[in-house]
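The next block is data-v2.cif, given as mmCIF, C-alpha atoms and all ligand atoms.
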data_final
loop_
_atom_site.label_atom_id
_atom_site.label_comp_id
_atom_site.auth_asym_id
_atom_site.auth_seq_id
_atom_site.Cartn_x
_atom_site.Cartn_y
_atom_site.Cartn_z
CA MET G 1 90.82 97.31 118.23
CA ALA G 2 94.16 97.97 116.60
CA ASP G 3 96.44 100.82 117.58
CA TYR G 4 94.79 104.12 116.73
CA TYR G 5 97.89 105.56 115.13
CA SER G 6 98.39 102.59 112.84
CA LEU G 7 94.70 102.63 111.95
CA LEU G 8 95.18 106.15 110.68
CA GLY G 9 98.61 105.31 109.30
CA VAL G 10 100.45 108.06 111.13
CA ASP G 11 103.38 108.27 113.54
CA ARG G 12 102.83 108.73 117.22
CA SER G 13 104.39 112.15 116.80
CA ALA G 14 102.00 113.21 114.03
CA SER G 15 100.63 116.73 114.20
CA ALA G 16 96.93 117.46 114.49
CA GLU G 17 96.95 118.50 110.85
CA GLU G 18 98.57 115.25 109.74
CA ILE G 19 96.05 113.25 111.71
CA LYS G 20 93.18 115.15 110.19
CA ARG G 21 94.52 114.70 106.70
CA ALA G 22 95.14 110.97 107.20
CA TYR G 23 91.65 110.52 108.57
CA ARG G 24 89.96 112.29 105.69
CA LYS G 25 91.91 110.29 103.16
CA ARG G 26 91.16 106.92 104.74
CA ALA G 27 87.59 107.71 105.72
CA ARG G 28 86.81 108.48 102.12
CA ASP G 29 87.86 104.98 101.05
CA VAL G 30 85.85 103.10 103.65
CA HIS G 31 82.93 105.49 104.02
CA PRO G 32 79.64 103.51 104.01
CA ASP G 33 78.26 105.65 101.18
CA ALA G 34 81.11 104.51 98.98
CA ASN G 35 80.74 100.88 100.05
CA PRO G 36 77.02 100.34 100.55
CA ASP G 37 77.14 96.54 100.65
CA ASP G 38 80.37 95.99 102.50
CA PRO G 39 79.91 95.35 106.22
CA GLU G 40 83.67 95.14 106.64
CA ALA G 41 84.10 98.66 105.33
CA ALA G 42 81.40 99.89 107.69
CA GLU G 43 83.28 98.33 110.58
CA GLN G 44 86.57 99.82 109.45
CA PHE G 45 84.92 103.17 109.11
CA LYS G 46 83.62 102.98 112.66
CA GLU G 47 87.03 102.10 114.05
CA LEU G 48 88.70 104.76 112.02
CA SER G 49 86.25 107.37 113.21
CA LYS G 50 86.70 106.33 116.79
CA ALA G 51 90.47 106.55 116.45
CA TYR G 52 90.14 109.99 114.95
CA ALA G 53 87.74 111.15 117.63
CA VAL G 54 90.34 110.35 120.23
CA LEU G 55 93.48 111.46 118.45
CA SER G 56 91.99 114.75 117.30
CA ASP G 57 91.30 115.79 120.85
CA ASP G 58 94.43 116.86 122.70
CA GLN G 59 93.22 115.64 126.08
CA GLN G 60 91.94 112.33 124.77
CA ARG G 61 95.10 111.82 122.80
CA ALA G 62 97.24 112.42 125.87
CA ARG G 63 95.22 109.86 127.80
CA TYR G 64 95.50 107.39 124.97
CA ASP G 65 99.26 107.84 124.74
CA GLN G 66 99.56 107.19 128.43
CA PHE G 67 96.98 104.50 129.09
CA GLY G 68 96.08 103.09 125.69
CA GLU G 69 92.52 102.30 124.83
CA ALA G 70 91.67 101.80 128.49
CA GLY G 71 92.33 105.49 129.03
CA VAL G 72 89.77 106.65 126.54
CA GLY G 73 87.11 103.95 126.45
CA GLY G 74 84.60 102.53 128.84
CA ALA G 75 83.10 104.27 131.80
CA ALA G 76 86.21 105.84 133.21
CA GLY G 77 85.90 109.29 131.73
CA GLY G 78 86.53 108.05 128.23
CA ALA G 79 85.56 109.50 124.92
CA ASN G 80 81.89 110.07 124.64
CA PHE G 81 81.73 109.45 120.96
CA GLU G 82 78.29 110.91 120.40
CA ASP G 83 79.19 114.01 122.26
CA LEU G 84 82.38 114.51 120.33
CA PHE G 85 80.36 114.84 117.23
CA GLY G 86 77.74 117.14 118.58
CA ASN G 87 74.20 116.67 119.68
CA GLY G 88 72.86 113.84 117.62
CA GLY G 89 74.38 115.28 114.52
CA GLY G 90 75.57 111.83 113.55
CA LEU G 91 78.35 110.89 111.27
CA GLY G 92 76.32 111.41 108.16
CA ASP G 93 76.11 115.04 108.95
CA ILE G 94 79.82 115.37 109.43
CA PHE G 95 80.43 113.68 106.18
CA ASP G 96 78.29 116.20 104.45
CA ALA G 97 80.78 118.69 105.67
CA PHE G 98 83.72 116.70 104.37
CA PHE G 99 82.49 115.52 101.06
CA GLY G 100 79.58 117.72 100.15
CA GLY G 101 81.38 120.73 101.57
CA GLY G 102 82.33 123.24 98.95
CA GLY G 103 85.14 125.64 98.35
CA GLY G 104 86.15 127.35 101.57
CA GLY G 105 88.48 124.59 102.61
CA GLY G 106 87.89 125.30 106.25
CA ASN G 107 88.03 122.82 109.03
CA PRO G 108 84.56 121.70 110.00
CA PHE G 109 85.80 120.37 113.30
CA GLY G 110 87.26 123.50 114.73
CA GLY G 111 90.33 123.12 116.84
CA GLY G 112 90.99 119.51 117.53
CA GLY G 113 87.37 118.44 117.77
CA GLY G 114 85.32 117.67 120.76
CA ARG G 115 83.77 119.80 123.42
CA ARG G 116 85.95 120.21 126.40
CA GLY G 117 85.10 120.15 130.01
CA PRO G 118 83.77 123.20 131.80
CA SER G 119 87.22 124.68 132.10
CA GLY G 120 88.05 124.22 128.42
CA PRO G 121 87.61 126.88 125.79
CA PRO G 122 83.99 127.75 125.11
CA ARG G 123 82.19 126.40 122.10
CA GLY G 124 81.73 128.82 119.20
CA GLN G 125 78.48 130.62 118.56
CA ASP G 126 75.66 129.21 116.51
CA MET G 127 75.33 131.04 113.22
CA GLU G 128 72.33 131.78 111.06
CA VAL G 129 72.09 132.39 107.37
CA ALA G 130 69.15 132.85 105.00
CA VAL G 131 69.22 131.27 101.56
CA ALA G 132 66.82 131.81 98.68
CA ILE G 133 66.01 128.73 96.64
CA THR G 134 63.83 128.24 93.61
CA PHE G 135 60.41 126.65 93.79
CA GLU G 136 61.76 123.66 91.87
CA GLN G 137 64.63 123.21 94.33
CA SER G 138 62.13 123.15 97.18
CA VAL G 139 60.06 120.51 95.42
CA PHE G 140 62.80 118.18 94.23
CA GLY G 141 65.59 119.00 96.66
CA ASP G 142 69.05 120.10 95.63
CA GLN G 143 72.55 120.78 96.80
CA VAL G 144 72.73 124.47 97.39
CA PRO G 145 75.88 126.48 98.03
CA VAL G 146 75.70 128.68 101.11
CA ASP G 147 78.21 131.48 101.43
CA LEU G 148 78.93 133.08 104.73
CA LYS G 149 81.63 134.70 106.77
CA LEU G 150 82.39 132.90 109.97
CA PRO G 151 85.11 132.58 112.56
CA GLN G 152 87.14 129.49 111.79
CA THR G 153 90.05 127.81 113.47
CA CYS G 154 93.25 129.65 112.71
CA ASP G 155 95.42 127.56 110.40
CA THR G 156 98.64 129.17 111.53
CA CYS G 157 98.38 128.07 115.15
CA ASP G 158 95.76 125.36 114.66
CA GLY G 159 93.50 127.11 117.13
CA SER G 160 95.88 127.28 120.06
CA GLY G 161 96.41 131.01 119.74
CA ALA G 162 100.12 130.53 120.40
CA GLY G 163 102.68 132.18 118.13
CA GLU G 164 104.87 130.11 115.87
CA GLY G 165 107.25 127.87 117.77
CA THR G 166 105.54 128.52 121.10
CA LYS G 167 102.90 126.72 123.08
CA PRO G 168 100.33 127.93 125.56
CA VAL G 169 101.69 127.56 129.06
CA THR G 170 99.93 126.48 132.21
CA CYS G 171 98.38 129.44 133.93
CA SER G 172 100.33 130.34 137.05
CA GLU G 173 97.34 131.92 138.76
CA CYS G 174 95.17 128.78 138.83
CA SER G 175 97.86 126.16 138.15
CA GLY G 176 95.93 125.04 135.11
CA SER G 177 92.65 124.27 136.83
CA GLY G 178 90.95 127.30 135.30
CA GLN G 179 89.31 128.08 138.59
CA VAL G 180 90.28 130.18 141.55
CA ARG G 181 89.08 129.64 145.10
CA ARG G 182 88.34 132.54 147.31
CA VAL G 183 88.08 132.06 151.06
CA ARG G 184 86.36 134.70 153.13
CA GLN G 185 85.62 134.93 156.78
CA SER G 186 82.06 135.78 157.61
CA VAL G 187 79.92 135.68 160.72
CA LEU G 188 78.76 132.26 159.63
CA GLY G 189 82.28 130.97 159.32
CA GLN G 190 84.50 130.38 156.34
CA MET G 191 82.94 130.95 152.92
CA VAL G 192 84.63 129.32 149.95
CA SER G 193 83.70 130.31 146.45
CA THR G 194 85.22 129.33 143.15
CA SER G 195 85.14 131.38 139.99
CA PRO G 196 86.81 131.22 136.59
CA CYS G 197 90.42 132.27 136.77
CA PRO G 198 90.68 135.92 135.73
CA ARG G 199 94.13 135.50 134.27
CA CYS G 200 93.38 132.70 131.79
CA GLY G 201 89.63 133.19 131.56
CA GLY G 202 89.04 129.68 132.82
CA LEU G 203 91.12 128.00 130.14
CA GLY G 204 93.90 126.89 132.46
CA GLU G 205 96.48 128.01 129.91
CA VAL G 206 97.78 131.34 128.75
CA VAL G 207 99.37 132.35 125.51
CA THR G 208 102.60 134.21 126.09
CA THR G 209 103.38 134.98 122.46
CA PRO G 210 100.13 135.41 120.56
CA CYS G 211 99.82 134.00 117.06
CA GLU G 212 100.17 136.82 114.55
CA SER G 213 97.40 135.60 112.27
CA CYS G 214 94.66 135.51 114.90
CA ARG G 215 96.16 137.75 117.62
CA GLY G 216 95.98 134.84 120.03
CA GLU G 217 92.28 134.17 119.61
CA GLY G 218 92.82 130.87 117.80
CA ARG G 219 90.30 131.73 115.13
CA VAL G 220 89.93 134.09 112.24
CA THR G 221 86.84 135.22 110.37
CA THR G 222 86.94 134.03 106.80
CA ASP G 223 84.64 133.37 103.86
CA LYS G 224 83.24 129.90 103.76
CA THR G 225 81.05 128.06 101.31
CA TYR G 226 79.09 125.05 102.50
CA THR G 227 77.09 122.89 100.18
CA VAL G 228 73.82 122.23 101.88
CA ASP G 229 71.55 119.31 101.05
CA VAL G 230 68.06 120.72 100.70
CA PRO G 231 65.66 117.80 101.07
CA ALA G 232 62.84 117.40 98.56
CA GLY G 233 59.56 118.83 99.77
CA VAL G 234 60.77 121.63 102.06
CA VAL G 235 58.46 124.57 102.56
CA ASP G 236 59.22 128.25 102.63
CA GLY G 237 60.54 129.23 106.04
CA SER G 238 62.08 125.83 106.84
CA THR G 239 65.26 125.86 108.85
CA LEU G 240 68.02 123.28 108.45
CA ARG G 241 70.39 122.74 111.32
CA LEU G 242 73.95 121.81 110.45
CA THR G 243 75.67 120.63 113.55
CA ARG G 244 79.17 121.94 114.22
CA ARG G 245 79.28 124.14 111.18
CA GLY G 246 78.85 127.41 113.01
CA ALA G 247 81.60 129.61 114.38
CA ALA G 248 84.73 128.00 115.81
CA GLY G 249 85.18 128.66 119.49
CA PRO G 250 88.10 130.78 120.68
CA ARG G 251 91.38 129.00 121.44
CA GLY G 252 90.38 125.71 119.93
CA GLY G 253 86.83 125.53 121.33
CA GLY G 254 84.54 123.36 119.22
CA PRO G 255 82.30 124.97 116.63
CA GLY G 256 78.69 125.96 117.15
CA ASP G 257 75.90 124.96 114.83
CA LEU G 258 74.73 126.59 111.65
CA TYR G 259 71.07 127.30 111.04
CA VAL G 260 70.09 127.75 107.41
CA HIS G 261 66.74 129.44 106.86
CA LEU G 262 65.23 128.63 103.49
CA ARG G 263 63.24 131.15 101.49
CA VAL G 264 61.39 129.63 98.58
CA ARG G 265 60.87 131.93 95.62
CA PRO G 266 57.35 131.78 94.21
CA HIS G 267 56.74 130.06 90.91
CA ASP G 268 54.90 131.92 88.17
CA ARG G 269 52.53 129.06 87.36
CA TYR G 270 52.49 126.70 90.33
CA HIS G 271 51.80 127.07 93.99
CA ARG G 272 51.65 124.59 96.81
CA GLU G 273 48.74 123.48 98.91
CA ASP G 274 50.26 121.11 101.43
CA ASP G 275 51.91 118.47 99.25
CA ASP G 276 49.79 119.22 96.22
CA LEU G 277 50.97 121.33 93.35
CA VAL G 278 48.24 123.55 91.98
CA THR G 279 48.03 125.40 88.70
CA ASP G 280 45.32 126.69 86.42
CA VAL G 281 44.83 126.49 82.71
CA THR G 282 42.67 128.71 80.56
CA ILE G 283 40.69 127.18 77.70
CA SER G 284 38.24 128.72 75.26
CA ILE G 285 34.50 128.07 75.27
CA ALA G 286 34.92 126.00 72.10
CA GLN G 287 37.64 123.87 73.76
CA ALA G 288 35.50 123.45 76.85
CA ALA G 289 32.50 122.42 74.76
CA LEU G 290 34.26 120.20 72.24
CA GLY G 291 37.17 118.95 74.28
CA THR G 292 40.89 119.26 73.56
CA THR G 293 44.31 117.97 74.50
CA LEU G 294 46.62 120.45 76.20
CA GLU G 295 50.36 120.42 76.51
CA LEU G 296 50.78 121.05 80.21
CA GLU G 297 54.16 122.19 81.46
CA THR G 298 54.58 120.37 84.74
CA LEU G 299 57.66 120.60 86.94
CA ASP G 300 58.54 117.10 85.68
CA GLY G 301 58.25 118.09 82.03
CA VAL G 302 55.59 118.49 79.41
CA GLU G 303 52.53 116.34 79.94
CA SER G 304 49.44 115.78 77.76
CA LEU G 305 46.25 116.74 79.53
CA VAL G 306 43.07 115.46 77.91
CA VAL G 307 40.20 117.88 78.44
CA PRO G 308 36.98 116.03 77.63
CA ALA G 309 34.07 117.64 75.78
CA GLY G 310 31.72 119.47 78.12
CA THR G 311 34.35 120.46 80.70
CA GLN G 312 32.97 123.09 83.06
CA PRO G 313 34.70 126.18 84.47
CA SER G 314 36.50 125.49 87.77
CA HIS G 315 36.69 121.80 86.99
CA GLN G 316 39.73 120.24 88.60
CA PHE G 317 41.91 117.60 87.00
CA VAL G 318 43.95 115.57 89.44
CA LEU G 319 47.20 113.94 88.37
CA LYS G 320 47.91 111.49 91.16
CA ASN G 321 51.41 111.38 92.59
CA ARG G 322 52.69 114.25 90.52
CA GLY G 323 52.84 116.74 93.35
CA VAL G 324 55.51 117.49 95.93
CA PRO G 325 57.48 114.57 97.41
CA ARG G 326 56.44 114.13 101.02
CA LEU G 327 59.16 115.35 103.32
CA GLN G 328 58.07 112.87 105.95
CA GLY G 329 56.93 109.62 104.45
CA ARG G 330 56.61 108.16 101.03
CA GLY G 331 55.28 109.19 97.68
CA ARG G 332 54.21 112.54 96.40
CA GLY G 333 51.15 114.71 96.64
CA ASP G 334 48.95 115.31 93.62
CA LEU G 335 49.12 117.76 90.79
CA ARG G 336 45.84 119.63 90.47
CA VAL G 337 44.90 121.58 87.39
CA ILE G 338 41.99 123.97 87.69
CA VAL G 339 40.18 124.92 84.50
CA ASP G 340 39.29 128.46 83.64
CA VAL G 341 37.02 128.99 80.61
CA GLU G 342 37.59 132.23 78.83
CA VAL G 343 34.74 134.03 77.12
CA PRO G 344 35.99 135.90 74.07
CA THR G 345 35.56 139.65 74.21
CA GLN G 346 36.67 140.60 70.73
CA LEU G 347 34.71 138.79 68.03
CA SER G 348 35.02 139.29 64.33
CA THR G 349 31.80 139.65 62.37
CA GLU G 350 32.10 136.06 61.16
CA GLU G 351 32.66 134.71 64.67
CA ALA G 352 29.73 136.68 66.04
CA GLU G 353 27.59 135.34 63.23
CA LEU G 354 28.60 131.75 63.99
CA LEU G 355 27.79 132.16 67.65
CA ARG G 356 24.47 133.74 66.85
CA THR G 357 23.61 130.81 64.60
CA PHE G 358 24.67 128.48 67.38
CA ALA G 359 22.43 130.28 69.91
CA GLU G 360 19.46 130.46 67.60
CA GLY G 361 19.76 126.76 66.94
CA ARG G 362 19.37 126.17 70.66
CA GLY G 363 16.56 128.67 71.04
CA GLU G 364 18.65 131.04 73.16
CA SER G 365 18.02 134.75 72.88
CA VAL G 366 21.15 136.79 72.17
CA GLY G 367 21.58 140.54 71.68
CA GLU G 368 22.89 142.52 68.74
CA ALA G 369 26.45 143.60 69.30
CA GLY G 370 26.37 146.97 71.09
CA THR G 371 22.57 147.14 71.25
CA GLY G 372 21.88 143.80 72.90
CA LEU G 373 20.19 143.07 76.17
CA PHE G 374 23.46 143.16 78.08
CA SER G 375 24.33 146.62 76.79
CA LYS G 376 20.87 147.89 77.71
CA ILE G 377 21.19 146.60 81.25
CA LYS G 378 24.66 148.01 81.50
CA SER G 379 23.53 151.46 80.31
CA ALA G 380 20.61 151.43 82.72
CA PHE G 381 23.05 151.09 85.59
CA SER G 382 25.71 153.49 84.43
ZN ZN G 401 96.46 131.72 115.18
#

Starting from the coordinates I provided, produce the structure as structure tokens.
Ligand code: ZN
Amino acid sequence: MADYYSLLGVDRSASAEEIKRAYRKRARDVHPDANPDDPEAAEQFKELSKAYAVLSDDQQRARYDQFGEAGVGGAAGGANFEDLFGNGGGLGDIFDAFFGGGGGGGNPFGGGGGRRGPSGPPRGQDMEVAVAITFEQSVFGDQVPVDLKLPQTCDTCDGSGAGEGTKPVTCSECSGSGQVRRVRQSVLGQMVSTSPCPRCGGLGEVVTTPCESCRGEGRVTTDKTYTVDVPAGVVDGSTLRLTRRGAAGPRGGGPGDLYVHLRVRPHDRYHREDDDLVTDVTISIAQAALGTTLELETLDGVESLVVPAGTQPSHQFVLKNRGVPRLQGRGRGDLRVIVDVEVPTQLSTEEAELLRTFAEGRGESVGEAGTGLFSKIKSAFS
């Protein structure tokens, strides 16, 4: 593999910000999504990402500068690439953050990327946010902006917490190890215990002149907008996990994850039963008896629904594969239309006469309006 710096096209003295910028620019060109059929681009992308993973981490970069690739690869304490990018989050997920990511302009990697060892700065908290989406968005999926306030790496000091022109210095108390040993004499002999250094909080470094923007914390709470890919077929109450898009850790600690809870607003005509979409239509007794064609407003658009003569109340029409796309697996559920037959309550004299003629023709007994059998029964019970 070629020199990491030349892969990214930066000097060996490049700042973290320059490296990040160079990586974003180049990654965009060779990203597999942009070059679906180019295996060479995929390979370049992998190398580029590996170079960035190393050079964006201060410790890895220092090892690389000193020992070359041998210092950061292989078994000898090298870059654990998966781990650098969070628990199984995968590159795709990161690229959502780069390219799908909306306005905020924050740094999805936090300070310099990568979780540090036990003595490094702690990872930021996981964050949660609830987002309301429309029924249609839940069915077909969408890109949904998510606004939140979250601690992000301070741009002024790039997460180090050190004031302009200064650098964190090695902690004198623990000599940079982040741990202090305490030796006590007890009846059982010498007891040795180690605990995080109280002076540097286990970081191994202290900031002598705190950054003015973040007061030395290395992060500031700012507004952020992420664009979240809502997959087609999600149900109300689903939670999406966005790795490394939570709060940045203090003093350059990697970011936590972001959990997005989805609330699906109900639809006024459709509801879901598993992957089926269900709605009802109301037709008149004449339409039920003689048949009709309805214009049905489906979520995919207007559809003609042929109601055959003699359709009964509660009859169900099934439109195969017109339901909700299956979140896991292929195809869609069905669209089910349940028929309701409405009996008219307000009849004009002519209409009543027609119905009476109809009933008499079939030998059915019907009452006079207001004095019929039904009214008599009703009055007997009232
Ligand atoms: Zn700062």

From the list G:Pro122, G:Pro231, G:Pro250, G:Pro196, which residue is nearest ligand ZN 401 (chain G) when using all atoms listed in the file?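 Under the stated criterion, the closest residue is G:Pro250.
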
Could you please extract the residues within 6 Å of ligand ZN 401 (chain G), counting all atoms listed in the file, and hand them back as a tab-separated table (two decimals) with C-alpha atoms, in the coordinates of the input?
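part06.tsv, written as the output of this step:
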chain	number	residue	atom	x	y	z
G	154	CYS	CA	93.25	129.65	112.71
G	156	THR	CA	98.64	129.17	111.53
G	157	CYS	CA	98.38	128.07	115.15
G	159	GLY	CA	93.50	127.11	117.13
G	161	GLY	CA	96.41	131.01	119.74
G	211	CYS	CA	99.82	134.00	117.06
G	213	SER	CA	97.40	135.60	112.27
G	214	CYS	CA	94.66	135.51	114.90
G	216	GLY	CA	95.98	134.84	120.03
G	218	GLY	CA	92.82	130.87	117.80

Exercise: stretch 312-318 of chain G partners within 12 Å, only C-alpha atoms, chain neighbours under 3 positions left out, as a PyMOL selection string: chain G and resi 276-291+296+305-309+321-323+333-343

For the atom pair atom CA of G:Leu240 and atom CA of G:Ala27, what is the interatomic distance in Å to one decimal place?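 Here the two named atoms are 25.2 Å from each other.
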
Please report the interatomic distance between atom CA of G:Pro255 and atom CA of G:Glu69 in Å with one decimal.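 Computed distance, atom CA of G:Pro255 to atom CA of G:Glu69, equals 26.2 Å.
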
Need to verify the contact set: G:Ser304, 10 Å, all atoms listed in the file, exclusion of same-chain residues closer than 5 positions in sequence. Can you return it as a list in words?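 Close residues of G:Ser304: Thr293, Leu294, Glu295, Leu296, Glu297 and Thr298 of chain G.
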
Using all atoms listed in the file, which of G:Gly246, G:Pro266, G:Gly202, G:Gly329 sits nearest G:Val129? G:Gly246

From the list G:Asp147, G:Glu128, G:Asp142, G:Asp158, which residue is nearest G:Lys20 when using all atoms listed in the file?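 Nearest candidate to G:Lys20 out of G:Asp147, G:Glu128, G:Asp142, G:Asp158: G:Asp158.
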
Pick the closest to G:Gly68 from G:Asp126, G:Asp3, G:Glu17, G:Asp257: which is it, counting only C-alpha atoms?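 Of G:Asp126, G:Asp3, G:Glu17, G:Asp257, the one nearest G:Gly68 is G:Asp3, counting only C-alpha atoms.
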
Using all atoms listed in the file, which of G:Asp57, G:Thr222, G:Arg199, G:Pro168 sits nearest G:Val180?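 Distance minimum relative to G:Val180 lands on G:Arg199.
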
Which neighbours of G:Pro198 fall inside 12 Å, counting only C-alpha atoms, when residues of the same chain fewer than 6 positions from it are skipped, and could you give them as a PyMOL selection string? chain G and resi 171-174+177-181+204-206

Just checking: using only C-alpha atoms, which residue out of G:Leu299, G:Ala132, G:Gln137, G:Ser195 ends up closest to G:Val183?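 Of G:Leu299, G:Ala132, G:Gln137, G:Ser195, the one nearest G:Val183 is G:Ser195, counting only C-alpha atoms.
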